[in-house]
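Participant: Okay, so here is final.csv, and as you'll see once you scroll down, it has CSV, C-alpha atoms.
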```csv
chain,number,residue,atom,x,y,z
G,1,MET,CA,78.2,-97.5,-21.4
G,2,ILE,CA,79.6,-94.7,-23.4
G,3,ILE,CA,77.6,-92.0,-21.7
G,4,ALA,CA,79.2,-92.6,-18.3
G,5,SER,CA,82.5,-91.5,-19.6
G,6,ILE,CA,81.4,-88.2,-21.2
G,7,ASP,CA,81.9,-84.9,-19.4
G,8,TYR,CA,78.6,-83.2,-18.7
G,9,PHE,CA,77.5,-79.7,-17.9
G,10,ASP,CA,75.3,-78.7,-15.0
G,11,TYR,CA,73.3,-75.8,-16.5
G,12,ASP,CA,72.0,-74.5,-13.2
G,13,GLU,CA,75.3,-74.4,-11.4
G,14,ASN,CA,77.3,-73.2,-14.3
G,15,VAL,CA,79.9,-75.9,-13.6
G,16,LEU,CA,81.5,-78.3,-15.9
G,17,LEU,CA,81.6,-81.7,-14.2
G,18,THR,CA,84.3,-84.0,-15.3
G,19,LYS,CA,84.6,-87.5,-14.2
G,20,THR,CA,88.3,-88.1,-14.1
G,21,GLY,CA,89.0,-91.7,-13.4
G,22,GLY,CA,85.9,-91.8,-11.2
G,23,ILE,CA,87.5,-89.5,-8.6
G,24,GLY,CA,86.8,-85.8,-7.9
G,25,LEU,CA,85.0,-83.1,-9.9
G,26,GLU,CA,86.7,-80.3,-11.7
G,27,LYS,CA,85.2,-76.8,-11.6
G,28,GLN,CA,85.4,-74.6,-14.7
G,29,ASP,CA,85.4,-70.8,-15.1
G,30,LYS,CA,82.4,-69.3,-13.3
G,31,GLN,CA,82.1,-66.4,-15.8
G,32,GLN,CA,80.9,-68.6,-18.5
G,33,VAL,CA,77.3,-68.0,-19.7
G,34,THR,CA,75.2,-71.1,-19.5
G,35,ARG,CA,72.9,-72.1,-22.4
G,36,ARG,CA,69.9,-71.3,-20.1
G,37,GLN,CA,71.1,-67.8,-19.3
G,38,PHE,CA,71.9,-67.1,-22.9
G,39,LEU,CA,68.4,-68.1,-23.9
G,40,VAL,CA,66.8,-66.0,-21.1
G,41,TYR,CA,68.8,-62.9,-22.1
G,42,THR,CA,68.0,-63.4,-25.8
G,43,LEU,CA,64.3,-63.8,-25.1
G,44,MET,CA,64.3,-60.8,-22.9
G,45,GLY,CA,66.1,-58.8,-25.5
G,46,VAL,CA,63.9,-59.8,-28.3
G,47,GLY,CA,60.8,-59.4,-26.2
G,48,GLY,CA,61.9,-56.0,-25.0
G,49,PHE,CA,62.5,-54.9,-28.5
G,50,MET,CA,59.1,-56.1,-29.7
G,51,LEU,CA,57.4,-54.5,-26.8
G,52,SER,CA,59.1,-51.1,-27.2
G,53,SER,CA,58.5,-51.1,-31.0
G,54,ILE,CA,54.8,-51.5,-30.2
G,55,THR,CA,54.6,-48.9,-27.5
G,56,LEU,CA,57.2,-46.2,-28.2
G,57,PRO,CA,55.7,-44.9,-31.5
G,58,ASN,CA,52.3,-44.7,-29.8
G,59,LEU,CA,53.7,-42.8,-26.9
G,60,ARG,CA,55.6,-40.3,-29.0
G,61,PHE,CA,52.5,-39.9,-31.1
G,62,ALA,CA,50.4,-39.1,-28.1
G,63,ALA,CA,52.9,-36.7,-26.6
G,64,ASP,CA,53.4,-34.7,-29.8
G,65,PRO,CA,51.5,-31.6,-28.7
G,66,VAL,CA,53.9,-31.3,-25.7
G,67,LEU,CA,57.0,-31.6,-27.8
G,68,GLN,CA,56.0,-29.3,-30.7
G,69,PRO,CA,58.2,-26.2,-30.9
G,70,LYS,CA,56.4,-23.2,-29.3
G,71,GLU,CA,54.9,-21.1,-31.9
G,72,GLY,CA,55.8,-17.5,-32.0
G,73,SER,CA,52.9,-15.1,-31.6
G,74,ASP,CA,52.0,-13.5,-35.0
G,75,LEU,CA,51.4,-9.7,-35.2
G,76,ILE,CA,48.0,-8.9,-36.5
G,77,ASN,CA,46.9,-5.6,-38.1
G,78,THR,CA,44.1,-4.1,-36.1
G,79,ASN,CA,43.2,-1.6,-38.8
G,80,LEU,CA,43.4,1.1,-36.2
G,81,LYS,CA,45.5,4.2,-36.7
G,82,VAL,CA,47.8,4.8,-33.8
G,83,ASP,CA,46.9,8.6,-33.9
G,84,GLU,CA,43.3,7.7,-32.9
G,85,LEU,CA,44.5,6.3,-29.5
G,86,THR,CA,44.0,8.5,-26.5
G,87,ASN,CA,44.5,8.3,-22.7
G,88,GLU,CA,41.2,6.5,-22.4
G,89,PRO,CA,41.4,2.7,-22.9
G,90,LYS,CA,39.7,1.8,-26.2
G,91,LYS,CA,38.3,-1.6,-27.2
G,92,VAL,CA,40.2,-2.8,-30.2
G,93,GLU,CA,39.0,-5.9,-32.1
G,94,PHE,CA,41.3,-7.9,-34.4
G,95,SER,CA,40.7,-11.0,-36.4
G,96,PHE,CA,43.1,-13.7,-37.6
G,97,LYS,CA,43.1,-17.3,-38.7
G,98,GLN,CA,43.7,-19.5,-35.7
G,99,LYS,CA,45.4,-22.9,-36.4
G,100,ASP,CA,44.2,-25.7,-34.2
G,101,GLY,CA,45.9,-28.8,-35.6
G,102,TRP,CA,44.2,-29.5,-38.9
G,103,TYR,CA,41.4,-27.1,-38.1
G,104,GLU,CA,41.7,-23.4,-39.1
G,105,LYS,CA,39.2,-20.8,-38.1
G,106,GLU,CA,38.8,-17.1,-38.3
G,107,THR,CA,39.0,-15.9,-34.7
G,108,THR,CA,38.2,-12.5,-33.2
G,109,GLN,CA,39.9,-11.2,-30.1
G,110,PHE,CA,39.9,-7.8,-28.5
G,111,ALA,CA,42.3,-5.7,-26.4
G,112,TRP,CA,42.0,-2.6,-24.3
G,113,VAL,CA,44.5,-0.1,-25.8
G,114,TYR,CA,45.5,3.4,-24.6
G,115,LYS,CA,48.5,5.7,-24.5
G,116,ASP,CA,50.1,6.3,-21.1
G,117,GLU,CA,51.6,9.6,-19.9
G,118,ASN,CA,54.8,8.9,-21.7
G,119,GLY,CA,53.0,8.3,-25.0
G,120,GLU,CA,53.7,4.6,-24.7
G,121,ILE,CA,51.0,2.2,-26.0
G,122,ILE,CA,49.6,-0.3,-23.6
G,123,ALA,CA,47.4,-3.1,-24.9
G,124,HIS,CA,45.7,-5.2,-22.2
G,125,SER,CA,44.2,-8.6,-22.7
G,126,PRO,CA,40.6,-8.4,-21.5
G,127,VAL,CA,40.8,-11.9,-19.9
G,128,CYS,CA,40.4,-11.6,-16.2
G,129,LYS,CA,43.2,-13.2,-14.2
G,130,HIS,CA,40.8,-14.7,-11.7
G,131,LEU,CA,38.7,-17.1,-13.8
G,132,GLY,CA,38.9,-15.9,-17.4
G,133,CYS,CA,35.9,-13.8,-18.0
G,134,ASN,CA,36.2,-10.6,-20.0
G,135,VAL,CA,36.8,-7.3,-18.2
G,136,GLU,CA,35.3,-4.0,-19.3
G,137,TRP,CA,36.7,-0.5,-18.9
G,138,ASN,CA,34.6,1.8,-16.8
G,139,SER,CA,31.6,-0.4,-16.7
G,140,SER,CA,30.9,-0.3,-13.0
G,141,GLU,CA,29.3,2.9,-11.7
G,142,ASN,CA,30.8,2.4,-8.2
G,143,HIS,CA,34.3,2.0,-9.6
G,144,PRO,CA,34.9,4.6,-12.2
G,145,ASN,CA,38.1,4.5,-14.4
G,146,MET,CA,38.8,0.9,-13.6
G,147,TYR,CA,38.6,-2.4,-15.4
G,148,PHE,CA,35.7,-4.4,-14.0
G,149,CYS,CA,35.0,-8.1,-14.3
G,150,PRO,CA,31.2,-8.8,-14.0
G,151,CYS,CA,31.7,-12.4,-13.0
G,152,HIS,CA,33.1,-12.0,-9.5
G,153,LYS,CA,33.6,-8.2,-9.3
G,154,GLY,CA,37.3,-8.3,-10.0
G,155,LEU,CA,38.9,-4.9,-10.4
G,156,TYR,CA,42.0,-3.5,-12.1
G,157,TYR,CA,43.5,-0.1,-12.3
G,158,LYS,CA,44.1,1.6,-15.6
G,159,ASP,CA,47.6,0.3,-15.8
G,160,GLY,CA,46.3,-3.3,-15.5
G,161,GLU,CA,47.4,-3.7,-11.9
G,162,ASN,CA,44.9,-5.8,-9.9
G,163,VAL,CA,43.1,-3.9,-7.1
G,164,PRO,CA,44.0,-5.6,-3.8
G,165,ASN,CA,41.2,-7.5,-2.0
G,166,THR,CA,39.3,-8.2,-5.2
G,167,PRO,CA,39.4,-11.7,-6.7
G,168,PRO,CA,42.2,-11.4,-9.3
G,169,ARG,CA,45.7,-12.1,-8.0
G,170,ALA,CA,47.8,-10.8,-10.9
G,171,PRO,CA,47.8,-7.8,-13.3
G,172,LEU,CA,46.1,-8.1,-16.7
G,173,ASP,CA,48.2,-9.7,-19.4
G,174,ARG,CA,49.6,-7.5,-22.2
G,175,TYR,CA,49.7,-7.9,-26.0
G,176,ASP,CA,52.9,-7.2,-27.8
G,177,TYR,CA,52.5,-4.4,-30.3
G,178,GLU,CA,54.2,-2.9,-33.3
G,179,ILE,CA,53.4,0.2,-35.4
G,180,ARG,CA,53.6,-0.3,-39.2
G,181,ASP,CA,52.6,2.6,-41.5
G,182,GLY,CA,50.8,4.3,-38.7
G,183,TYR,CA,48.6,1.2,-38.0
G,184,LEU,CA,48.6,-0.7,-34.8
G,185,TYR,CA,49.6,-4.4,-34.9
G,186,LEU,CA,48.9,-6.7,-31.9
G,187,SER,CA,50.2,-10.1,-31.0
G,188,THR,CA,47.8,-13.0,-31.0
G,189,ARG,CA,48.9,-14.1,-27.5
G,190,ALA,CA,49.0,-11.9,-24.5
G,191,LYS,CA,52.0,-12.1,-22.1
G,192,GLU,CA,52.0,-12.1,-18.4
G,193,VAL,CA,53.3,-9.0,-16.7
G,194,LYS,CA,56.0,-9.9,-14.3
G,195,GLY,CA,56.1,-8.5,-10.8
P,196,MET,CA,17.0,-78.3,-28.5
P,197,LEU,CA,19.1,-75.9,-26.4
P,198,THR,CA,20.0,-78.7,-24.0
P,199,LYS,CA,21.2,-80.7,-26.9
P,200,LEU,CA,23.3,-77.8,-28.2
P,201,TYR,CA,24.7,-77.3,-24.7
P,202,ASP,CA,25.6,-81.0,-24.3
P,203,TRP,CA,27.2,-81.0,-27.8
P,204,ILE,CA,29.4,-78.1,-26.9
P,205,ASP,CA,30.1,-79.4,-23.3
P,206,GLU,CA,31.1,-82.8,-24.6
P,207,ARG,CA,33.8,-81.2,-26.7
P,208,LEU,CA,34.9,-78.3,-24.5
P,209,ASP,CA,33.9,-79.2,-21.0
P,210,ILE,CA,32.5,-75.8,-20.2
P,211,THR,CA,30.4,-76.8,-17.2
P,212,PRO,CA,33.2,-76.3,-14.7
P,213,LEU,CA,34.0,-72.9,-16.3
P,214,TRP,CA,30.6,-71.3,-15.7
P,215,ARG,CA,30.1,-73.1,-12.4
P,216,ASP,CA,33.2,-71.5,-11.2
P,217,ILE,CA,31.9,-68.1,-12.1
P,218,ALA,CA,28.2,-68.3,-11.4
P,219,ASP,CA,27.4,-71.3,-9.2
P,220,HIS,CA,28.0,-70.3,-5.7
P,221,GLU,CA,25.9,-69.7,-2.6
P,222,VAL,CA,24.9,-66.2,-1.4
P,223,PRO,CA,25.6,-66.2,2.3
P,224,GLU,CA,22.5,-65.5,4.4
P,225,HIS,CA,23.8,-62.2,5.9
P,226,VAL,CA,24.0,-60.6,2.4
P,227,ASN,CA,20.7,-61.9,1.1
P,228,PRO,CA,17.9,-59.3,1.3
P,229,ALA,CA,15.3,-62.1,1.3
P,230,HIS,CA,16.6,-63.1,4.8
P,231,HIS,CA,17.4,-59.7,6.2
P,232,PHE,CA,16.0,-56.7,4.4
P,233,SER,CA,18.8,-54.5,5.6
P,234,ALA,CA,21.2,-56.6,3.5
P,235,PHE,CA,20.1,-54.5,0.5
P,236,VAL,CA,23.2,-52.4,1.3
P,237,TYR,CA,25.2,-55.3,-0.3
P,238,CYS,CA,23.5,-54.6,-3.7
P,239,PHE,CA,25.3,-51.3,-4.5
P,240,GLY,CA,28.4,-53.0,-5.9
P,241,GLY,CA,26.3,-55.1,-8.2
P,242,LEU,CA,24.1,-52.1,-9.2
P,243,THR,CA,27.3,-50.2,-10.1
P,244,PHE,CA,28.3,-53.0,-12.4
P,245,PHE,CA,24.8,-53.1,-13.8
P,246,VAL,CA,24.9,-49.4,-14.7
P,247,VAL,CA,28.4,-49.8,-16.1
P,248,VAL,CA,27.0,-52.4,-18.5
P,249,ILE,CA,24.2,-50.0,-19.5
P,250,GLN,CA,26.8,-47.3,-20.1
P,251,ILE,CA,28.9,-49.5,-22.3
P,252,LEU,CA,25.9,-50.7,-24.3
P,253,SER,CA,24.3,-47.2,-24.8
P,254,GLY,CA,27.7,-45.7,-25.5
P,255,MET,CA,28.4,-48.2,-28.3
P,256,PHE,CA,25.1,-47.3,-29.9
P,257,LEU,CA,25.6,-43.6,-29.5
P,258,MET,CA,28.8,-43.9,-31.5
P,259,MET,CA,26.7,-45.0,-34.5
P,260,TYR,CA,25.7,-41.3,-34.9
P,261,TYR,CA,28.2,-39.2,-32.9
P,262,VAL,CA,31.1,-37.4,-34.7
P,263,PRO,CA,34.0,-36.1,-32.6
P,264,ASP,CA,34.6,-33.0,-34.7
P,265,VAL,CA,34.2,-29.4,-33.6
P,266,GLU,CA,32.0,-28.5,-36.5
P,267,ARG,CA,29.7,-31.4,-36.3
P,268,ALA,CA,29.8,-32.8,-32.7
P,269,TRP,CA,27.0,-30.7,-31.4
P,270,GLU,CA,24.8,-31.2,-34.4
P,271,SER,CA,25.3,-35.0,-34.4
P,272,VAL,CA,24.2,-35.1,-30.7
P,273,TYR,CA,21.2,-32.9,-31.5
P,274,TYR,CA,20.3,-35.1,-34.4
P,275,LEU,CA,20.7,-38.4,-32.6
P,276,GLN,CA,18.6,-37.1,-29.7
P,277,ASN,CA,15.8,-35.4,-31.6
P,278,GLN,CA,15.6,-37.1,-35.0
P,279,VAL,CA,16.6,-40.7,-34.4
P,280,ALA,CA,13.9,-43.0,-33.0
P,281,TYR,CA,14.5,-43.6,-29.3
P,282,GLY,CA,17.4,-41.1,-29.4
P,283,GLN,CA,16.2,-39.5,-26.2
P,284,ILE,CA,16.0,-42.9,-24.5
P,285,VAL,CA,19.5,-44.0,-25.6
P,286,ARG,CA,21.2,-40.7,-24.9
P,287,GLY,CA,19.1,-40.4,-21.7
P,288,MET,CA,20.4,-43.8,-20.5
P,289,HIS,CA,24.0,-42.7,-21.1
P,290,HIS,CA,23.4,-39.2,-19.6
P,291,TRP,CA,21.6,-40.3,-16.4
P,292,GLY,CA,23.5,-43.5,-16.1
P,293,ALA,CA,26.7,-41.4,-15.8
P,294,SER,CA,25.4,-39.8,-12.7
P,295,ILE,CA,23.7,-42.9,-11.3
P,296,VAL,CA,26.9,-44.9,-11.6
P,297,ILE,CA,28.8,-42.4,-9.5
P,298,VAL,CA,26.0,-42.4,-6.8
P,299,MET,CA,25.9,-46.2,-6.7
P,300,MET,CA,29.7,-46.4,-6.5
P,301,PHE,CA,29.7,-43.9,-3.7
P,302,LEU,CA,27.0,-45.9,-1.7
P,303,HIS,CA,29.0,-49.1,-2.3
P,304,THR,CA,32.1,-47.3,-1.0
P,305,LEU,CA,30.3,-46.1,2.0
P,306,ARG,CA,29.0,-49.6,2.8
P,307,VAL,CA,32.5,-51.1,2.5
P,308,PHE,CA,33.9,-48.3,4.6
P,309,PHE,CA,31.4,-48.4,7.4
P,310,GLN,CA,31.3,-52.2,7.6
P,311,GLY,CA,35.1,-52.2,7.7
P,312,ALA,CA,35.1,-54.7,4.8
P,313,TYR,CA,38.3,-53.1,3.4
P,314,LYS,CA,40.4,-54.5,6.3
P,315,LYS,CA,42.8,-57.4,6.0
P,316,PRO,CA,42.8,-59.5,3.9
P,317,ARG,CA,40.8,-57.2,1.5
P,318,GLU,CA,43.1,-54.2,1.4
P,319,LEU,CA,44.1,-54.8,-2.2
P,320,ASN,CA,40.5,-54.9,-3.3
P,321,TRP,CA,39.9,-51.6,-1.7
P,322,ILE,CA,42.9,-50.1,-3.6
P,323,VAL,CA,41.6,-51.5,-6.9
P,324,GLY,CA,38.2,-50.1,-6.0
P,325,VAL,CA,39.7,-46.6,-5.4
P,326,LEU,CA,41.4,-46.9,-8.8
P,327,ILE,CA,38.0,-47.8,-10.4
P,328,PHE,CA,36.6,-44.7,-8.7
P,329,PHE,CA,39.2,-42.5,-10.4
P,330,VAL,CA,38.7,-44.1,-13.8
P,331,MET,CA,34.9,-43.5,-13.4
P,332,LEU,CA,35.5,-39.8,-12.6
P,333,GLY,CA,37.8,-39.7,-15.6
P,334,LEU,CA,35.0,-41.2,-17.8
P,335,GLY,CA,32.5,-38.7,-16.5
P,336,LEU,CA,34.9,-35.8,-17.1
P,337,THR,CA,35.9,-36.8,-20.6
P,338,GLY,CA,32.3,-37.6,-21.6
P,339,TYR,CA,31.1,-34.2,-20.4
P,340,LEU,CA,33.0,-32.5,-23.2
P,341,LEU,CA,31.8,-34.6,-26.1
P,342,PRO,CA,28.4,-32.9,-26.8
P,343,TRP,CA,30.6,-29.7,-27.4
P,344,ASP,CA,28.1,-27.2,-26.1
P,345,MET,CA,29.0,-24.2,-24.0
P,346,LYS,CA,28.6,-26.0,-20.7
P,347,ALA,CA,30.9,-28.7,-21.9
P,348,VAL,CA,33.6,-26.4,-23.2
P,349,PHE,CA,33.7,-24.2,-20.1
P,350,ALA,CA,33.6,-27.2,-17.7
P,351,THR,CA,36.6,-28.5,-19.6
P,352,LYS,CA,38.3,-25.2,-19.4
P,353,VAL,CA,38.0,-25.3,-15.7
P,354,THR,CA,39.3,-28.9,-15.6
P,355,LEU,CA,42.3,-28.1,-17.7
P,356,GLU,CA,43.1,-25.1,-15.5
P,357,ILE,CA,42.9,-27.4,-12.5
P,358,ALA,CA,45.3,-29.8,-14.2
P,359,GLN,CA,47.6,-26.8,-15.1
P,360,SER,CA,47.8,-25.9,-11.5
P,361,THR,CA,49.7,-29.1,-10.8
P,362,PRO,CA,53.2,-28.2,-9.4
P,363,LEU,CA,56.1,-28.4,-11.9
P,364,ILE,CA,54.4,-30.5,-14.6
P,365,GLY,CA,51.2,-28.5,-14.8
P,366,ASP,CA,51.7,-26.9,-18.2
P,367,LEU,CA,52.9,-30.2,-19.8
P,368,LEU,CA,49.9,-32.0,-18.3
P,369,LYS,CA,47.5,-29.4,-19.7
P,370,THR,CA,49.0,-29.5,-23.2
P,371,LEU,CA,49.0,-33.3,-23.1
P,372,LEU,CA,45.3,-33.4,-22.2
P,373,ALA,CA,44.2,-30.5,-24.4
P,374,GLY,CA,46.3,-31.3,-27.4
P,375,ASP,CA,47.3,-27.6,-27.7
P,376,GLU,CA,49.0,-25.2,-25.5
P,377,HIS,CA,46.3,-22.5,-25.6
P,378,ILE,CA,43.3,-23.7,-27.5
P,379,ILE,CA,40.5,-26.0,-26.4
P,380,GLY,CA,39.4,-27.1,-29.8
P,381,ALA,CA,39.5,-29.8,-32.4
P,382,GLN,CA,42.5,-31.7,-30.9
P,383,THR,CA,41.0,-31.5,-27.4
P,384,LEU,CA,37.7,-33.1,-28.6
P,385,THR,CA,39.4,-36.0,-30.4
P,386,ARG,CA,41.7,-36.6,-27.5
P,387,PHE,CA,38.9,-36.7,-24.9
P,388,PHE,CA,36.9,-38.9,-27.3
P,389,ALA,CA,39.6,-41.4,-27.6
P,390,ILE,CA,40.2,-41.4,-23.8
P,391,HIS,CA,36.5,-41.7,-23.1
P,392,VAL,CA,35.7,-44.4,-25.6
P,393,PHE,CA,38.9,-46.6,-25.6
P,394,PHE,CA,41.5,-45.9,-23.0
P,395,LEU,CA,39.4,-45.5,-19.8
P,396,PRO,CA,36.9,-48.3,-20.6
P,397,ALA,CA,39.8,-50.7,-21.2
P,398,ALA,CA,41.3,-49.7,-17.9
P,399,LEU,CA,37.9,-50.0,-16.3
P,400,LEU,CA,37.3,-53.5,-17.6
P,401,VAL,CA,40.8,-54.7,-16.4
P,402,LEU,CA,40.2,-53.2,-12.9
P,403,ILE,CA,36.7,-54.6,-12.6
P,404,GLY,CA,38.0,-58.0,-13.6
P,405,LEU,CA,40.6,-57.8,-10.8
P,406,HIS,CA,37.9,-56.5,-8.4
P,407,PHE,CA,35.7,-59.5,-9.1
P,408,LEU,CA,38.5,-62.0,-9.2
P,409,MET,CA,39.5,-60.9,-5.7
P,410,ILE,CA,36.0,-61.0,-4.3
P,411,ARG,CA,35.6,-64.5,-5.6
P,412,LYS,CA,38.9,-65.6,-4.2
P,413,GLN,CA,38.4,-64.1,-0.8
P,414,GLY,CA,34.7,-64.3,-0.5
P,415,ILE,CA,32.4,-61.6,0.8
P,416,SER,CA,33.2,-60.3,4.3
P,417,GLY,CA,31.4,-61.9,7.2
P,418,PRO,CA,28.4,-60.6,9.2
P,419,LEU,CA,29.0,-57.7,11.5
```
Would you mind writing the file out in C-alpha cells?

Facilitator:
Amino acid sequence: MIIASIDYFDYDENVLLTKTGGIGLEKQDKQQVTRRQFLVYTLMGVGGFMLSSITLPNLRFAADPVLQPKEGSDLINTNLKVDELTNEPKKVEFSFKQKDGWYEKETTQFAWVYKDENGEIIAHSPVCKHLGCNVEWNSSENHPNMYFCPCHKGLYYKDGENVPNTPPRAPLDRYDYEIRDGYLYLSTRAKEVKG
Amino acid sequence: MLTKLYDWIDERLDITPLWRDIADHEVPEHVNPAHHFSAFVYCFGGLTFFVVVIQILSGMFLMMYYVPDVERAWESVYYLQNQVAYGQIVRGMHHWGASIVIVMMFLHTLRVFFQGAYKKPRELNWIVGVLIFFVMLGLGLTGYLLPWDMKAVFATKVTLEIAQSTPLIGDLLKTLLAGDEHIIGAQTLTRFFAIHVFFLPAALLVLIGLHFLMIRKQGISGPL
C-alpha cells in the first residue's frame, strides 16, 4: 500500500515520524507549532477579541463618571456687597444652574460669611461634618456664638473649628470667594480645611 | 386533550425525562412536615424562592408605569399606587415582599447554620447562598431609592457615604455608584434602576440556579 510509505505527523507529540527503510524514527524540531496548537491559539485569539469587543465598550460606558475630568468649581455672584459683611457670620444664599448629566436645575445653596479680625472674608459651608445636616450660627441658647447642628448637637467655633467632644470630627468646609465690583462671589463647591 | 398535546410533544422531544429529573423526586421523611411538624424549618428556603418569584412578577408589572427620572419618578409611583386599579396591591406585594424575602432568607440561613447543613460536602452551596444574600441586600438597597422620596434619597446618601468610606477606592466607588462625584440625582436614579432591574436579578437567577443544581446533586442533608 502507498500509505505505509508516507511520512506522517503525530499532532499530539509534535513529532514527525518517518519510516526510513522500516527501521528507527526520526524526530524533528520540537519548536514547530502543530496544527492543533495553531487552531487552539487562533480560536482563543478570535474568541478573546470577540469577547472583549462585547464587554470593553460597556465597561468603559459604565465607568464614564469616574473618568470624567474633574469640573472646576464655578464662582457665583451672591448679589451681596462685601461692605455689608461684619464680624458676625451672615447667612448668604446663592443660586446657580447645577448640571447633573443631562439634567440641569436651578439650585440654591447658602454659606455663613463673616470678616475676621484681619478683614479677611471667611465663607463656611453649612454642611455639618458629622452626618451632613445644616448648621446654624448662634441658634443654641446654651452655646452662644457657635455654629450648632440640631441633628446630633454638633458644635463649631466661629472660625469653623469643631468643638472637641461633640460629634463632628473635622472643621467646617470653606467656599472659595472672589470680590468683583464690590460684590461677593462664592464657589459652588466647598473645600475641606486641612489640619 | 391536554394529554394528547403532551404526548404529541413528548413523542417528538422526549421531554418526560427532563421534567422528571427536575420535579419527580421523593421528599425524605425527616424534611416532610406531614411526618414531623418540626420539619417546617425546611420550608424557609422554598419560601424565599416563592417570594423571589412574587418580587420578579410584581416588579415586571410595576415597570409598566414606573419612570426612572428625577422629575417624574415619584409621581409615577404615586399614580400607579393610587390611580391604577390594584396599584396598592401590586406595589404592596413588591414593598412587603422585599422585607419578607430578607426575613425568610435569614431564617433559612439560621436553619442551615444550626443544623450544620453547610458542612462538607455542602460548603460550596453555603458560599453561593452567602452570595445570594449579598445580591438580595443589593436589590433591597437599589430598590429603596426608586420611589425618589425624601426617605429614599437620604437613605441612599447614607449608603453612598458608607461606600465612600472604603479605604483607598472609596471615592471611585461612590462616583461609580452615584454617577456623579457630588450629586445624588438623575444619573444616580438611572444607575440604581438599571442595577435593580437588570444586573442584580440576572446575577440572582444564575446564583439561584447554581444553588438548586447543587442541592439536587448532593441531596438534602440527613436527619440530625

Participant: For a test of reading the model, state the distance in Å between atom CA of G:Phe110 and atom CA of P:Pro342, rounded to one decimal.

Facilitator: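 About the pair atom CA of G:Phe110 and atom CA of P:Pro342: they are 27.7 Å apart.
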
Participant: Report as a PDB file with C-alpha atoms, in the coordinates of the input all protein, DNA and RNA residues lying within 9 Å of stretch 261-264 of chain P, evaluated on all atoms listed in the file, omitting residues in the same chain fewer than 6 positions from it.

Facilitator:
```
ATOM      1  CA  GLU P 270      24.800 -31.200 -34.400  1.00  0.00           C
ATOM      2  CA  SER P 271      25.300 -35.000 -34.400  1.00  0.00           C
ATOM      3  CA  VAL P 272      24.200 -35.100 -30.700  1.00  0.00           C
ATOM      4  CA  LEU P 275      20.700 -38.400 -32.600  1.00  0.00           C
ATOM      5  CA  LEU P 341      31.800 -34.600 -26.100  1.00  0.00           C
ATOM      6  CA  PRO P 342      28.400 -32.900 -26.800  1.00  0.00           C
ATOM      7  CA  TRP P 343      30.600 -29.700 -27.400  1.00  0.00           C
ATOM      8  CA  ALA P 381      39.500 -29.800 -32.400  1.00  0.00           C
ATOM      9  CA  GLN P 382      42.500 -31.700 -30.900  1.00  0.00           C
ATOM     10  CA  LEU P 384      37.700 -33.100 -28.600  1.00  0.00           C
ATOM     11  CA  THR P 385      39.400 -36.000 -30.400  1.00  0.00           C
ATOM     12  CA  PHE P 388      36.900 -38.900 -27.300  1.00  0.00           C
TER      13      PHE P 388
END
```

Participant: Which residue out of G:Pro168, G:Pro69, G:Gly45, G:Gly154 has the minimum interatomic distance to chain P when only C-alpha atoms are used?

Facilitator: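 For chain P, the nearest of the candidates is G:Pro69.
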
Participant: Could you give me, as number ranges by chain, the residues within 12 Å of G:Asp181, counting all atoms listed in the file and dropping anything in the same chain fewer than 3 positions from it?

Facilitator: G: 77, 79-83, 178, 184-185

Participant: Only residues of chain G matter here; which ones have an atom within 7 Å of chain P, counting all atoms listed in the file? Give them as a list in words.

Facilitator: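 Selected residues: Ala63, Pro65, Val66, Asp100, Gly101 and Tyr103 of chain G.
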
Participant: Could you give me the axis-aligned bounding box of stretch 184-189 of chain G, with 5 Å of padding per side, as centre plus edge lengths in Å to one decimal, as AutoDock Vina command-line options?

Facilitator:
```
--center_x 49.0 --center_y -7.4 --center_z -31.2 --size_x 12.4 --size_y 23.4 --size_z 17.4
```

Participant: Contacts of stretch 131-142 of chain G at 9 Å or less, counting only C-alpha atoms, minus same-chain residues fewer than 4 places along, as an mmCIF file with C-alpha atoms, in the coordinates of the input?

Facilitator:
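Result file around_26.cif:
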```cif
data_model
loop_
_atom_site.group_PDB
_atom_site.id
_atom_site.type_symbol
_atom_site.label_atom_id
_atom_site.label_comp_id
_atom_site.auth_asym_id
_atom_site.auth_seq_id
_atom_site.Cartn_x
_atom_site.Cartn_y
_atom_site.Cartn_z
ATOM 1 C CA PRO G 89 41.400 2.700 -22.900
ATOM 2 C CA LYS G 90 39.700 1.800 -26.200
ATOM 3 C CA LYS G 91 38.300 -1.600 -27.200
ATOM 4 C CA TRP G 112 42.000 -2.600 -24.300
ATOM 5 C CA SER G 125 44.200 -8.600 -22.700
ATOM 6 C CA PRO G 126 40.600 -8.400 -21.500
ATOM 7 C CA VAL G 127 40.800 -11.900 -19.900
ATOM 8 C CA MET G 146 38.800 0.900 -13.600
ATOM 9 C CA TYR G 147 38.600 -2.400 -15.400
ATOM 10 C CA PHE G 148 35.700 -4.400 -14.000
ATOM 11 C CA CYS G 149 35.000 -8.100 -14.300
ATOM 12 C CA PRO G 150 31.200 -8.800 -14.000
ATOM 13 C CA CYS G 151 31.700 -12.400 -13.000
ATOM 14 C CA HIS G 152 33.100 -12.000 -9.500
ATOM 15 C CA GLY G 154 37.300 -8.300 -10.000
ATOM 16 C CA LEU G 155 38.900 -4.900 -10.400
ATOM 17 C CA TYR G 156 42.000 -3.500 -12.100
ATOM 18 C CA LYS G 158 44.100 1.600 -15.600
ATOM 19 C CA PRO G 167 39.400 -11.700 -6.700
ATOM 20 C CA PRO G 168 42.200 -11.400 -9.300
ATOM 21 C CA VAL P 353 38.000 -25.300 -15.700
#
```

Participant: What does the distance between atom CA of P:Arg267 and atom CA of P:Met331 come to in Å, to one decimal place?

Facilitator: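 Taking atom CA of P:Arg267 as the start and atom CA of P:Met331 as the end point, the length is 26.4 Å.
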
Participant: Set the distance at 7 Å and use only C-alpha atoms: which residues neighbour stretch 232-239 of chain P once local chain neighbours fewer than 3 positions away are removed? I'd like the list as a ChimeraX atom specification.

Facilitator: /P:225-229,242-243,299-300,302-303,306

Participant: Calculated over only C-alpha atoms, which of the candidates P:Val246, P:Ala218, P:Ala268, P:Leu334 has the smallest distance to P:Ile295?

Facilitator: P:Val246

Participant: Which residues are close to P:Gln276, i.e. within 12 Å by all atoms listed in the file, leaving aside same-chain residues fewer than 2 positions away? Reply as a list in words.

Facilitator: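 Selected residues are Leu257, Tyr260, Tyr261, Trp269, Glu270, Ser271, Val272, Tyr273, Tyr274, Gln278, Val279, Ala280, Tyr281, Gly282, Gln283, Ile284, Val285, Arg286, Gly287, Met288, His289, His290 and Pro342 of chain P.
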